[in-house]
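Worksheet: the structure to be examined is printed underneath.
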Amino acid sequence: MRGTMADKRDYYEVLGVEKTAAPDAIKSAYRRLALKFHPDKNPGDKAAEEKFKEAAEAYEVLSDADKRAAYDRHGHAAVGGGGTHFRNAEDIFGAFRDIFDGDLFSSFFGGGGGGRRSDRGADVGARVEITFQEMADGVTKTVAVRRRDACGTCRGTGSRDGKAPVACRTCAGRGVVRRSLGFVAVQQECPTCGGAGTTVSSPCGDCGGEGLKAARVDVAVAIPAGIEDRMAVRVPGQGEASSRGGARGDLIVEVAVGEHPLFHRDGPNLVVEVPAPISTAALGGELEVPSLSGVIGVKVPPGTAPGRRLRVRGEGLPRLDRGGRGDLDVIIVLDLPESPSRRVREALETLRAAEKDDVGPTRKRYGDLLRDHRREAEKKKAKK
Ligand SMILES: [Zn+2]
Ligand SMILES: [Zn+2]
């Protein structure tokens, strides 16, 4: 067991829900915690920030049916175990957009001063597929991104005549309007300015006054070695341009990792099944085993039972969280031929004859226990 896993709290405990909790209960528990420990509400409070991240990590796993099932069966090891990949609150917002952008929840955050939408451009998502070997080595991929860039005609101002935008009349520059629904007043994005808070008197014909135009660009994305399937890489400043003079949003690239014909992965460890001849498993010897850099020799001790794991230290995948590499786990599979050649058959028949006379300690102990068991069963039968 790796050290980091032992310190980790149970995800259900983190969210304060039962193991049987329904998805809705998990979602609302997470919302409550995210609200309580949000960094904006607890400036400079490291403990709150850790709780905020911990809750996000727990929610990420428990909100995904597959990950939750894996976690229920195998614990933290099943879901990457080695700590959260979220670096900050922005990452978490990127990952759980549906929660943070939904309804009134978002109004608790960010919007503080008058409720105007952030000046920052929107984040955009993309997806890239890499091979297992690329994942192991790390790779830079060119990703085609659809996003909105500043309109070239008006240079992003949205104004045909170059006049500066003025405060929107509908919302008086606030970007939001209030509507009452029965007893409750709700805030909505201003329909006139789309939340910008400003309008232009003579809108640019190419972008309709928004200052943004659809674009398709290629972005080089560096993917760190050891990344896990379905993790995302955030590329700052490669999202959409801002129509309000703010910074660009980020590009968030989900990475799909292909399969390998020989290797599986278990967190940072590589797992490979290697068939051993009967004689090697019985007498010991050396097997050729694939590693990420080529082929290495692995010693098999005498009397190696099938299913045994031989661990080669440091020949696994790069660890994302704390440097170094995982291990290579070699699982021994016994190569039992269904129709052996005549030579092999003869050798095995010779072995069969020898094994009848030479009984090793394991079979001897089993034989004793079996004899006792038979005696007990016969006694019981005799009593009836
Ligand atoms: Zn324009
Ligand atoms: Zn407005």
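Residues are referred to by chain and number: the chain letter is A, B, ... according to the order shown in the structure tokens, the number counts from 1 in that chain, and ligands are numbered separately from 1 in the order shown.
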
Please identify the residues whose atoms come within 8 Å of ligand 2, using only C-alpha atoms and all ligand atoms, and report them as a ChimeraX atom specification.
/A:167-177,189-199

Include N, CA, C and O atoms and write out the residues we just selected as a PDB file, in the first residue's frame.
ATOM      1  N   ALA A 167     -23.105  52.317 -21.395  1.00  0.00           N
ATOM      2  CA  ALA A 167     -23.831  51.472 -20.437  1.00  0.00           C
ATOM      3  C   ALA A 167     -25.190  51.065 -21.004  1.00  0.00           C
ATOM      4  O   ALA A 167     -25.898  51.882 -21.590  1.00  0.00           O
ATOM      5  N   CYS A 168     -25.528  49.805 -20.838  1.00  0.00           N
ATOM      6  CA  CYS A 168     -26.799  49.277 -21.357  1.00  0.00           C
ATOM      7  C   CYS A 168     -27.963  49.928 -20.619  1.00  0.00           C
ATOM      8  O   CYS A 168     -27.938  50.064 -19.398  1.00  0.00           O
ATOM      9  N   ARG A 169     -29.009  50.327 -21.381  1.00  0.00           N
ATOM     10  CA  ARG A 169     -30.139  51.024 -20.755  1.00  0.00           C
ATOM     11  C   ARG A 169     -31.057  50.072 -20.013  1.00  0.00           C
ATOM     12  O   ARG A 169     -31.647  50.430 -19.010  1.00  0.00           O
ATOM     13  N   THR A 170     -31.162  48.869 -20.526  1.00  0.00           N
ATOM     14  CA  THR A 170     -32.088  47.912 -19.898  1.00  0.00           C
ATOM     15  C   THR A 170     -31.673  47.591 -18.463  1.00  0.00           C
ATOM     16  O   THR A 170     -32.501  47.542 -17.563  1.00  0.00           O
ATOM     17  N   CYS A 171     -30.371  47.382 -18.295  1.00  0.00           N
ATOM     18  CA  CYS A 171     -29.912  46.927 -16.973  1.00  0.00           C
ATOM     19  C   CYS A 171     -29.063  47.977 -16.268  1.00  0.00           C
ATOM     20  O   CYS A 171     -28.493  47.685 -15.216  1.00  0.00           O
ATOM     21  N   ALA A 172     -28.958  49.169 -16.861  1.00  0.00           N
ATOM     22  CA  ALA A 172     -28.153  50.255 -16.284  1.00  0.00           C
ATOM     23  C   ALA A 172     -26.717  49.807 -16.035  1.00  0.00           C
ATOM     24  O   ALA A 172     -26.105  50.176 -15.028  1.00  0.00           O
ATOM     25  N   GLY A 173     -26.202  48.972 -16.928  1.00  0.00           N
ATOM     26  CA  GLY A 173     -24.798  48.588 -16.829  1.00  0.00           C
ATOM     27  C   GLY A 173     -24.521  47.455 -15.883  1.00  0.00           C
ATOM     28  O   GLY A 173     -23.390  47.022 -15.732  1.00  0.00           O
ATOM     29  N   ARG A 174     -25.580  46.912 -15.252  1.00  0.00           N
ATOM     30  CA  ARG A 174     -25.330  45.848 -14.273  1.00  0.00           C
ATOM     31  C   ARG A 174     -25.150  44.476 -14.925  1.00  0.00           C
ATOM     32  O   ARG A 174     -24.611  43.576 -14.320  1.00  0.00           O
ATOM     33  N   GLY A 175     -25.682  44.308 -16.122  1.00  0.00           N
ATOM     34  CA  GLY A 175     -25.542  43.010 -16.800  1.00  0.00           C
ATOM     35  C   GLY A 175     -26.616  42.015 -16.415  1.00  0.00           C
ATOM     36  O   GLY A 175     -26.746  40.971 -17.036  1.00  0.00           O
ATOM     37  N   VAL A 176     -27.361  42.316 -15.355  1.00  0.00           N
ATOM     38  CA  VAL A 176     -28.429  41.411 -14.924  1.00  0.00           C
ATOM     39  C   VAL A 176     -29.718  42.201 -14.698  1.00  0.00           C
ATOM     40  O   VAL A 176     -29.681  43.408 -14.433  1.00  0.00           O
ATOM     41  N   VAL A 177     -30.827  41.543 -14.832  1.00  0.00           N
ATOM     42  CA  VAL A 177     -32.117  42.156 -14.496  1.00  0.00           C
ATOM     43  C   VAL A 177     -32.810  41.277 -13.472  1.00  0.00           C
ATOM     44  O   VAL A 177     -32.570  40.073 -13.401  1.00  0.00           O
ATOM     45  N   GLU A 189     -29.614  37.086 -16.556  1.00  0.00           N
ATOM     46  CA  GLU A 189     -28.736  37.803 -17.468  1.00  0.00           C
ATOM     47  C   GLU A 189     -29.584  38.779 -18.291  1.00  0.00           C
ATOM     48  O   GLU A 189     -30.663  38.435 -18.743  1.00  0.00           O
ATOM     49  N   CYS A 190     -29.065  40.004 -18.471  1.00  0.00           N
ATOM     50  CA  CYS A 190     -29.814  41.028 -19.211  1.00  0.00           C
ATOM     51  C   CYS A 190     -29.978  40.587 -20.672  1.00  0.00           C
ATOM     52  O   CYS A 190     -29.010  40.271 -21.349  1.00  0.00           O
ATOM     53  N   PRO A 191     -31.227  40.557 -21.170  1.00  0.00           N
ATOM     54  CA  PRO A 191     -31.458  40.083 -22.541  1.00  0.00           C
ATOM     55  C   PRO A 191     -30.932  41.070 -23.600  1.00  0.00           C
ATOM     56  O   PRO A 191     -30.632  40.671 -24.722  1.00  0.00           O
ATOM     57  N   THR A 192     -30.799  42.337 -23.245  1.00  0.00           N
ATOM     58  CA  THR A 192     -30.363  43.338 -24.228  1.00  0.00           C
ATOM     59  C   THR A 192     -28.868  43.247 -24.506  1.00  0.00           C
ATOM     60  O   THR A 192     -28.421  43.206 -25.653  1.00  0.00           O
ATOM     61  N   CYS A 193     -28.058  43.206 -23.438  1.00  0.00           N
ATOM     62  CA  CYS A 193     -26.605  43.248 -23.626  1.00  0.00           C
ATOM     63  C   CYS A 193     -25.972  41.883 -23.393  1.00  0.00           C
ATOM     64  O   CYS A 193     -24.753  41.727 -23.464  1.00  0.00           O
ATOM     65  N   GLY A 194     -26.801  40.888 -23.097  1.00  0.00           N
ATOM     66  CA  GLY A 194     -26.271  39.537 -22.901  1.00  0.00           C
ATOM     67  C   GLY A 194     -25.318  39.437 -21.719  1.00  0.00           C
ATOM     68  O   GLY A 194     -24.423  38.598 -21.704  1.00  0.00           O
ATOM     69  N   GLY A 195     -25.487  40.348 -20.751  1.00  0.00           N
ATOM     70  CA  GLY A 195     -24.661  40.255 -19.553  1.00  0.00           C
ATOM     71  C   GLY A 195     -23.419  41.131 -19.581  1.00  0.00           C
ATOM     72  O   GLY A 195     -22.721  41.267 -18.591  1.00  0.00           O
ATOM     73  N   ALA A 196     -23.174  41.759 -20.729  1.00  0.00           N
ATOM     74  CA  ALA A 196     -21.957  42.569 -20.838  1.00  0.00           C
ATOM     75  C   ALA A 196     -22.074  43.870 -20.045  1.00  0.00           C
ATOM     76  O   ALA A 196     -21.088  44.425 -19.574  1.00  0.00           O
ATOM     77  N   GLY A 197     -23.278  44.386 -19.933  1.00  0.00           N
ATOM     78  CA  GLY A 197     -23.468  45.655 -19.214  1.00  0.00           C
ATOM     79  C   GLY A 197     -23.311  46.867 -20.115  1.00  0.00           C
ATOM     80  O   GLY A 197     -23.551  47.999 -19.703  1.00  0.00           O
ATOM     81  N   THR A 198     -22.876  46.621 -21.350  1.00  0.00           N
ATOM     82  CA  THR A 198     -22.673  47.747 -22.277  1.00  0.00           C
ATOM     83  C   THR A 198     -23.290  47.398 -23.635  1.00  0.00           C
ATOM     84  O   THR A 198     -23.455  46.231 -23.978  1.00  0.00           O
ATOM     85  N   THR A 199     -23.634  48.414 -24.393  1.00  0.00           N
ATOM     86  CA  THR A 199     -24.098  48.214 -25.767  1.00  0.00           C
ATOM     87  C   THR A 199     -23.381  49.228 -26.658  1.00  0.00           C
ATOM     88  O   THR A 199     -22.853  50.231 -26.178  1.00  0.00           O
TER      89      THR A 199
END

Can you pull out the residues contacting Val253 (chain A)? Cut-off 6 Å, using only C-alpha atoms, and skip same-chain residues under 3 positions away; I want them as a PyMOL selection string.
chain A and resi 125-127+232-233

If we count only C-alpha atoms and set the cut-off at 8 Å, which residues sit around Thr157 (chain A), ignoring sequence neighbours fewer than 3 positions away in its own chain? Please answer as a ChimeraX atom specification.
/A:151,154,162,164-165,209-211,243

For those residues, write all heavy atoms to a file as a PDB file, in the first residue's frame.
ATOM      1  N   CYS A 151     -13.230  39.707 -33.118  1.00  0.00           N
ATOM      2  CA  CYS A 151     -13.623  39.997 -34.497  1.00  0.00           C
ATOM      3  C   CYS A 151     -12.584  40.912 -35.137  1.00  0.00           C
ATOM      4  O   CYS A 151     -12.217  41.948 -34.568  1.00  0.00           O
ATOM      5  CB  CYS A 151     -15.006  40.654 -34.494  1.00  0.00           C
ATOM      6  SG  CYS A 151     -15.466  41.382 -36.077  1.00  0.00           S
ATOM      7  N   CYS A 154     -13.895  44.780 -36.339  1.00  0.00           N
ATOM      8  CA  CYS A 154     -14.044  45.867 -35.344  1.00  0.00           C
ATOM      9  C   CYS A 154     -12.960  45.766 -34.273  1.00  0.00           C
ATOM     10  O   CYS A 154     -13.000  46.473 -33.275  1.00  0.00           O
ATOM     11  CB  CYS A 154     -15.428  45.808 -34.712  1.00  0.00           C
ATOM     12  SG  CYS A 154     -15.736  44.259 -33.832  1.00  0.00           S
ATOM     13  N   GLY A 162     -16.377  52.555 -34.381  1.00  0.00           N
ATOM     14  CA  GLY A 162     -15.258  52.740 -33.468  1.00  0.00           C
ATOM     15  C   GLY A 162     -15.614  53.509 -32.201  1.00  0.00           C
ATOM     16  O   GLY A 162     -14.755  53.784 -31.372  1.00  0.00           O
ATOM     17  N   ALA A 164     -16.905  54.150 -28.503  1.00  0.00           N
ATOM     18  CA  ALA A 164     -16.810  53.323 -27.308  1.00  0.00           C
ATOM     19  C   ALA A 164     -18.195  52.830 -26.889  1.00  0.00           C
ATOM     20  O   ALA A 164     -19.181  53.539 -27.093  1.00  0.00           O
ATOM     21  CB  ALA A 164     -16.182  54.133 -26.173  1.00  0.00           C
ATOM     22  N   PRO A 165     -18.285  51.628 -26.346  1.00  0.00           N
ATOM     23  CA  PRO A 165     -19.588  51.138 -25.877  1.00  0.00           C
ATOM     24  C   PRO A 165     -20.118  51.999 -24.722  1.00  0.00           C
ATOM     25  O   PRO A 165     -19.318  52.599 -23.984  1.00  0.00           O
ATOM     26  CB  PRO A 165     -19.260  49.731 -25.374  1.00  0.00           C
ATOM     27  CG  PRO A 165     -17.898  49.409 -25.881  1.00  0.00           C
ATOM     28  CD  PRO A 165     -17.188  50.703 -26.101  1.00  0.00           C
ATOM     29  N   GLY A 209     -22.071  43.094 -33.260  1.00  0.00           N
ATOM     30  CA  GLY A 209     -21.830  43.935 -32.084  1.00  0.00           C
ATOM     31  C   GLY A 209     -21.233  43.191 -30.904  1.00  0.00           C
ATOM     32  O   GLY A 209     -20.946  43.783 -29.870  1.00  0.00           O
ATOM     33  N   GLU A 210     -21.057  41.897 -31.066  1.00  0.00           N
ATOM     34  CA  GLU A 210     -20.534  41.130 -29.925  1.00  0.00           C
ATOM     35  C   GLU A 210     -19.022  41.248 -29.781  1.00  0.00           C
ATOM     36  O   GLU A 210     -18.466  41.011 -28.710  1.00  0.00           O
ATOM     37  CB  GLU A 210     -20.933  39.658 -30.071  1.00  0.00           C
ATOM     38  CG  GLU A 210     -21.173  39.019 -28.732  1.00  0.00           C
ATOM     39  CD  GLU A 210     -21.449  37.530 -28.834  1.00  0.00           C
ATOM     40  OE1 GLU A 210     -21.642  37.013 -29.950  1.00  0.00           O
ATOM     41  OE2 GLU A 210     -21.445  36.890 -27.781  1.00  0.00           O
ATOM     42  N   GLY A 211     -18.354  41.569 -30.910  1.00  0.00           N
ATOM     43  CA  GLY A 211     -16.896  41.691 -30.856  1.00  0.00           C
ATOM     44  C   GLY A 211     -16.175  40.366 -31.015  1.00  0.00           C
ATOM     45  O   GLY A 211     -14.950  40.303 -30.995  1.00  0.00           O
ATOM     46  N   SER A 243     -15.346  39.471 -24.722  1.00  0.00           N
ATOM     47  CA  SER A 243     -15.960  40.584 -25.459  1.00  0.00           C
ATOM     48  C   SER A 243     -15.966  41.834 -24.605  1.00  0.00           C
ATOM     49  O   SER A 243     -16.465  42.868 -24.999  1.00  0.00           O
ATOM     50  CB  SER A 243     -17.382  40.205 -25.862  1.00  0.00           C
ATOM     51  OG  SER A 243     -18.140  39.916 -24.706  1.00  0.00           O
TER      52      SER A 243
END

Using only C-alpha atoms and all ligand atoms, which protein or nucleic acid residues are at most 12 Å from ligand 1, as a ChimeraX atom specification?
/A:148-162,200,202-214,243

Could you produce a table of the residues of region 226-310 of chain A lying within 8 Å of region 320-329 of chain A, with the nearest pair of atoms per residue and their separation in Å rounded to one decimal, using only C-alpha atoms, ordered by chain and increasing residue number, as JSON lines?
{"residue": "A:Gly226", "atom": "CA", "partner": "A:Leu320", "partner_atom": "CA", "distance": 6.1}
{"residue": "A:Ile227", "atom": "CA", "partner": "A:Leu320", "partner_atom": "CA", "distance": 6.8}
{"residue": "A:Pro268", "atom": "CA", "partner": "A:Gly326", "partner_atom": "CA", "distance": 4.7}
{"residue": "A:Asn269", "atom": "CA", "partner": "A:Gly326", "partner_atom": "CA", "distance": 4.7}
{"residue": "A:Leu270", "atom": "CA", "partner": "A:Leu328", "partner_atom": "CA", "distance": 4.8}
{"residue": "A:Val271", "atom": "CA", "partner": "A:Asp329", "partner_atom": "CA", "distance": 4.7}
{"residue": "A:Val272", "atom": "CA", "partner": "A:Asp329", "partner_atom": "CA", "distance": 6.3}
{"residue": "A:Ser291", "atom": "CA", "partner": "A:Leu328", "partner_atom": "CA", "distance": 7.7}
{"residue": "A:Arg309", "atom": "CA", "partner": "A:Asp329", "partner_atom": "CA", "distance": 6.1}
{"residue": "A:Leu310", "atom": "CA", "partner": "A:Asp329", "partner_atom": "CA", "distance": 5.8}

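Here CA of Pro43 (chain A) stands at a distance of 21.4 Å from CA of Asp119 (chain A).
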
Based on DSSP run over this structure's backbone, return all residues of region 105-321 of chain A in helix (DSSP H, G or I), as a PyMOL selection string.
chain A and resi 105-108+132-137+278-283

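Distances here use only C-alpha atoms; by that measure, the residue among A:Arg248, A:Arg216, A:His74, A:Arg352 closest to Asp10 (chain A) is A:His74.
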
Point out the residue among A:Ala47, A:Met231, A:Leu251, A:Ala21 with the least atom-to-atom distance to Leu62 (chain A), counting only C-alpha atoms.
A:Ala21

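Distance check against Ala281 (chain A) using only C-alpha atoms: of A:Ala144, A:Ala305, A:Ala377, A:Leu262, the minimum falls on A:Ala305.
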
Among listed residues A:Glu355, A:Glu315, A:Glu286, A:Glu273, nearest Ile331 (chain A) (using only C-alpha atoms):
A:Glu273

Arg68 (chain A) environment, 12 Å, only C-alpha atoms, sequence neighbours closer than 3 positions dropped, as a PDB file with N, CA and C atoms, in the first residue's frame:
ATOM      1  N   TYR A  11     -14.337   8.713   0.809  1.00  0.00           N
ATOM      2  CA  TYR A  11     -15.063   9.727   0.046  1.00  0.00           C
ATOM      3  C   TYR A  11     -16.481   9.964   0.584  1.00  0.00           C
ATOM      4  N   TYR A  12     -17.132   8.882   1.031  1.00  0.00           N
ATOM      5  CA  TYR A  12     -18.483   9.055   1.586  1.00  0.00           C
ATOM      6  C   TYR A  12     -18.430   9.876   2.863  1.00  0.00           C
ATOM      7  N   LYS A  19     -23.209   5.179   2.279  1.00  0.00           N
ATOM      8  CA  LYS A  19     -22.686   4.449   1.119  1.00  0.00           C
ATOM      9  C   LYS A  19     -23.758   4.216   0.055  1.00  0.00           C
ATOM     10  N   THR A  20     -25.023   4.231   0.506  1.00  0.00           N
ATOM     11  CA  THR A  20     -26.127   3.928  -0.402  1.00  0.00           C
ATOM     12  C   THR A  20     -26.764   5.195  -0.967  1.00  0.00           C
ATOM     13  N   ALA A  21     -26.160   6.354  -0.679  1.00  0.00           N
ATOM     14  CA  ALA A  21     -26.781   7.632  -1.058  1.00  0.00           C
ATOM     15  C   ALA A  21     -27.079   7.699  -2.564  1.00  0.00           C
ATOM     16  N   ALA A  22     -28.233   8.280  -2.894  1.00  0.00           N
ATOM     17  CA  ALA A  22     -28.625   8.452  -4.296  1.00  0.00           C
ATOM     18  C   ALA A  22     -27.804   9.595  -4.902  1.00  0.00           C
ATOM     19  N   PRO A  23     -27.648   9.579  -6.240  1.00  0.00           N
ATOM     20  CA  PRO A  23     -26.862  10.641  -6.899  1.00  0.00           C
ATOM     21  C   PRO A  23     -27.280  12.058  -6.500  1.00  0.00           C
ATOM     22  N   ILE A  26     -25.846  12.991  -3.151  1.00  0.00           N
ATOM     23  CA  ILE A  26     -24.406  13.238  -3.254  1.00  0.00           C
ATOM     24  C   ILE A  26     -24.156  14.624  -3.833  1.00  0.00           C
ATOM     25  N   GLU A  57     -12.745  16.261  -5.072  1.00  0.00           N
ATOM     26  CA  GLU A  57     -12.191  14.971  -5.468  1.00  0.00           C
ATOM     27  C   GLU A  57     -13.193  13.845  -5.179  1.00  0.00           C
ATOM     28  N   ALA A  58     -13.795  13.919  -4.002  1.00  0.00           N
ATOM     29  CA  ALA A  58     -14.774  12.900  -3.624  1.00  0.00           C
ATOM     30  C   ALA A  58     -15.962  12.942  -4.576  1.00  0.00           C
ATOM     31  N   TYR A  59     -16.413  14.153  -4.872  1.00  0.00           N
ATOM     32  CA  TYR A  59     -17.577  14.280  -5.752  1.00  0.00           C
ATOM     33  C   TYR A  59     -17.257  13.788  -7.157  1.00  0.00           C
ATOM     34  N   GLU A  60     -16.051  14.066  -7.610  1.00  0.00           N
ATOM     35  CA  GLU A  60     -15.684  13.646  -8.961  1.00  0.00           C
ATOM     36  C   GLU A  60     -15.839  12.127  -9.109  1.00  0.00           C
ATOM     37  N   VAL A  61     -15.454  11.404  -8.073  1.00  0.00           N
ATOM     38  CA  VAL A  61     -15.534   9.944  -8.135  1.00  0.00           C
ATOM     39  C   VAL A  61     -16.973   9.461  -7.908  1.00  0.00           C
ATOM     40  N   LEU A  62     -17.617   9.986  -6.849  1.00  0.00           N
ATOM     41  CA  LEU A  62     -18.926   9.439  -6.473  1.00  0.00           C
ATOM     42  C   LEU A  62     -20.040   9.880  -7.417  1.00  0.00           C
ATOM     43  N   SER A  63     -19.803  10.916  -8.219  1.00  0.00           N
ATOM     44  CA  SER A  63     -20.842  11.378  -9.143  1.00  0.00           C
ATOM     45  C   SER A  63     -20.780  10.610 -10.463  1.00  0.00           C
ATOM     46  N   ASP A  64     -19.747   9.812 -10.638  1.00  0.00           N
ATOM     47  CA  ASP A  64     -19.581   9.046 -11.873  1.00  0.00           C
ATOM     48  C   ASP A  64     -19.857   7.571 -11.548  1.00  0.00           C
ATOM     49  N   ALA A  65     -20.904   7.020 -12.157  1.00  0.00           N
ATOM     50  CA  ALA A  65     -21.345   5.668 -11.768  1.00  0.00           C
ATOM     51  C   ALA A  65     -20.222   4.634 -11.876  1.00  0.00           C
ATOM     52  N   TYR A  71     -14.638   2.401  -6.978  1.00  0.00           N
ATOM     53  CA  TYR A  71     -14.209   2.844  -5.651  1.00  0.00           C
ATOM     54  C   TYR A  71     -14.842   1.959  -4.572  1.00  0.00           C
ATOM     55  N   ASP A  72     -16.117   1.630  -4.742  1.00  0.00           N
ATOM     56  CA  ASP A  72     -16.812   0.786  -3.761  1.00  0.00           C
ATOM     57  C   ASP A  72     -16.128  -0.558  -3.622  1.00  0.00           C
ATOM     58  N   ARG A  73     -15.634  -1.091  -4.740  1.00  0.00           N
ATOM     59  CA  ARG A  73     -15.003  -2.415  -4.703  1.00  0.00           C
ATOM     60  C   ARG A  73     -13.572  -2.369  -4.191  1.00  0.00           C
ATOM     61  N   HIS A  74     -12.797  -1.384  -4.692  1.00  0.00           N
ATOM     62  CA  HIS A  74     -11.360  -1.427  -4.425  1.00  0.00           C
ATOM     63  C   HIS A  74     -10.805  -0.218  -3.684  1.00  0.00           C
ATOM     64  N   GLY A  75     -11.651   0.723  -3.290  1.00  0.00           N
ATOM     65  CA  GLY A  75     -11.164   1.870  -2.533  1.00  0.00           C
ATOM     66  C   GLY A  75     -10.376   2.836  -3.389  1.00  0.00           C
ATOM     67  N   HIS A  76      -9.556   3.637  -2.723  1.00  0.00           N
ATOM     68  CA  HIS A  76      -8.846   4.710  -3.413  1.00  0.00           C
ATOM     69  C   HIS A  76      -7.936   4.217  -4.534  1.00  0.00           C
ATOM     70  N   ALA A  78      -8.458   2.149  -6.718  1.00  0.00           N
ATOM     71  CA  ALA A  78      -9.168   1.924  -7.979  1.00  0.00           C
ATOM     72  C   ALA A  78      -9.338   3.203  -8.778  1.00  0.00           C
ATOM     73  N   VAL A  79      -9.250   4.341  -8.127  1.00  0.00           N
ATOM     74  CA  VAL A  79      -9.544   5.593  -8.825  1.00  0.00           C
ATOM     75  C   VAL A  79      -8.328   6.504  -8.865  1.00  0.00           C
TER      76      VAL A  79
END

Report as JSON, numbers by chain all protein, DNA and RNA residues lying within 9 Å of Gly246 (chain A), evaluated on only C-alpha atoms, omitting residues in the same chain fewer than 5 positions from it.
{"A": [118, 119, 120, 121, 241]}

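Across the structure, CA of Arg230 (chain A) and CA of Val255 (chain A) are spaced 5.2 Å apart.
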
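Closest approach to Gly239 (chain A) from the set A:Asp123, A:Asp218, A:Glu18, A:Asp372 is made by A:Asp123, with distances taken over only C-alpha atoms.
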
Among region 133-351 of chain A, which ones does DSSP assign to strand (DSSP E) (computed from the backbone)? Answer as a VMD selection string.
chain A and resid 139 to 150 166 to 167 176 to 181 184 to 189 198 to 199 212 to 223 232 to 235 251 to 257 263 to 266 269 to 277 285 to 291 294 to 300 309 to 312 328 to 335

Emit the selected residues as a short mmCIF file (atom, residue, chain, number, x, y, z; two decimals), in the first residue's frame, including C-alpha atoms.
data_model
loop_
_atom_site.label_atom_id
_atom_site.label_comp_id
_atom_site.auth_asym_id
_atom_site.auth_seq_id
_atom_site.Cartn_x
_atom_site.Cartn_y
_atom_site.Cartn_z
CA VAL A 139 3.64 13.94 -25.78
CA THR A 140 2.74 17.25 -27.37
CA LYS A 141 -0.40 17.03 -29.51
CA THR A 142 -1.93 19.48 -31.92
CA VAL A 143 -5.56 19.88 -30.95
CA ALA A 144 -8.19 21.46 -33.22
CA VAL A 145 -10.15 23.93 -31.14
CA ARG A 146 -13.42 25.67 -31.96
CA ARG A 147 -13.73 28.91 -30.08
CA ARG A 148 -14.63 32.56 -30.54
CA ASP A 149 -11.80 34.98 -31.20
CA ALA A 150 -11.88 38.79 -31.33
CA VAL A 166 -22.05 52.81 -23.49
CA ALA A 167 -23.83 51.47 -20.44
CA VAL A 176 -28.43 41.41 -14.92
CA VAL A 177 -32.12 42.16 -14.50
CA ARG A 178 -34.42 41.15 -11.66
CA ARG A 179 -37.74 39.43 -12.21
CA SER A 180 -40.21 38.37 -9.60
CA LEU A 181 -41.77 34.95 -9.71
CA VAL A 184 -39.25 35.07 -5.09
CA ALA A 185 -37.14 37.57 -6.98
CA VAL A 186 -34.62 36.01 -9.34
CA GLN A 187 -31.70 37.54 -11.15
CA GLN A 188 -31.28 36.91 -14.86
CA GLU A 189 -28.74 37.80 -17.47
CA THR A 198 -22.67 47.75 -22.28
CA THR A 199 -24.10 48.21 -25.77
CA LEU A 212 -16.34 37.93 -31.26
CA LYS A 213 -16.30 35.64 -34.26
CA ALA A 214 -16.21 31.85 -34.52
CA ALA A 215 -12.75 30.49 -35.25
CA ARG A 216 -11.03 27.14 -35.57
CA VAL A 217 -7.42 27.06 -34.44
CA ASP A 218 -4.76 24.43 -33.83
CA VAL A 219 -3.27 24.53 -30.36
CA ALA A 220 -0.20 22.55 -29.27
CA VAL A 221 -0.99 20.86 -25.96
CA ALA A 222 1.73 19.33 -23.80
CA ILE A 223 0.39 16.17 -22.15
CA ALA A 232 -8.04 16.80 -18.40
CA VAL A 233 -5.19 19.18 -19.16
CA ARG A 234 -5.86 22.88 -18.72
CA VAL A 235 -4.11 25.26 -21.12
CA LEU A 251 -8.72 25.46 -23.00
CA ILE A 252 -9.57 22.24 -21.19
CA VAL A 253 -8.51 19.11 -23.05
CA GLU A 254 -9.83 15.74 -22.02
CA VAL A 255 -7.33 12.99 -22.77
CA ALA A 256 -8.36 9.51 -23.94
CA VAL A 257 -5.56 6.98 -23.53
CA PHE A 263 0.50 -3.68 -20.61
CA HIS A 264 -2.34 -2.73 -18.33
CA ARG A 265 -2.01 0.00 -15.76
CA ASP A 266 -2.83 0.08 -12.09
CA ASN A 269 2.17 0.61 -11.89
CA LEU A 270 2.34 -1.35 -15.12
CA VAL A 271 0.95 -4.88 -15.12
CA VAL A 272 1.97 -7.52 -17.65
CA GLU A 273 0.98 -11.19 -17.82
CA VAL A 274 3.85 -13.44 -18.88
CA PRO A 275 3.40 -17.13 -19.76
CA ALA A 276 6.09 -19.32 -18.18
CA PRO A 277 6.94 -22.86 -19.31
CA GLY A 285 14.89 -19.43 -14.41
CA GLU A 286 14.69 -16.20 -16.34
CA LEU A 287 11.89 -14.81 -18.51
CA GLU A 288 11.96 -12.08 -21.13
CA VAL A 289 9.53 -9.37 -20.09
CA PRO A 290 8.49 -6.16 -21.90
CA SER A 291 9.32 -2.83 -20.25
CA GLY A 294 12.39 -2.52 -24.46
CA VAL A 295 12.76 -6.03 -23.12
CA ILE A 296 14.32 -6.95 -19.78
CA GLY A 297 15.17 -10.25 -18.08
CA VAL A 298 13.23 -11.15 -14.92
CA LYS A 299 14.33 -13.91 -12.54
CA VAL A 300 11.68 -16.48 -11.66
CA ARG A 309 3.36 -11.30 -8.97
CA LEU A 310 7.03 -10.53 -9.45
CA ARG A 311 7.67 -6.84 -8.86
CA VAL A 312 10.31 -4.92 -10.79
CA LEU A 328 6.30 -3.19 -13.20
CA ASP A 329 4.21 -6.09 -11.93
CA VAL A 330 4.89 -9.34 -13.77
CA ILE A 331 2.05 -11.83 -13.32
CA ILE A 332 3.15 -15.39 -14.02
CA VAL A 333 0.77 -17.44 -16.13
CA LEU A 334 1.51 -21.15 -16.54
CA ASP A 335 1.82 -22.26 -20.17
#

Among the residues A:Ser341, A:Gly303, A:Ser242, A:Asp45, the one that comes closest to Gly284 (chain A) [using only C-alpha atoms]:
A:Gly303
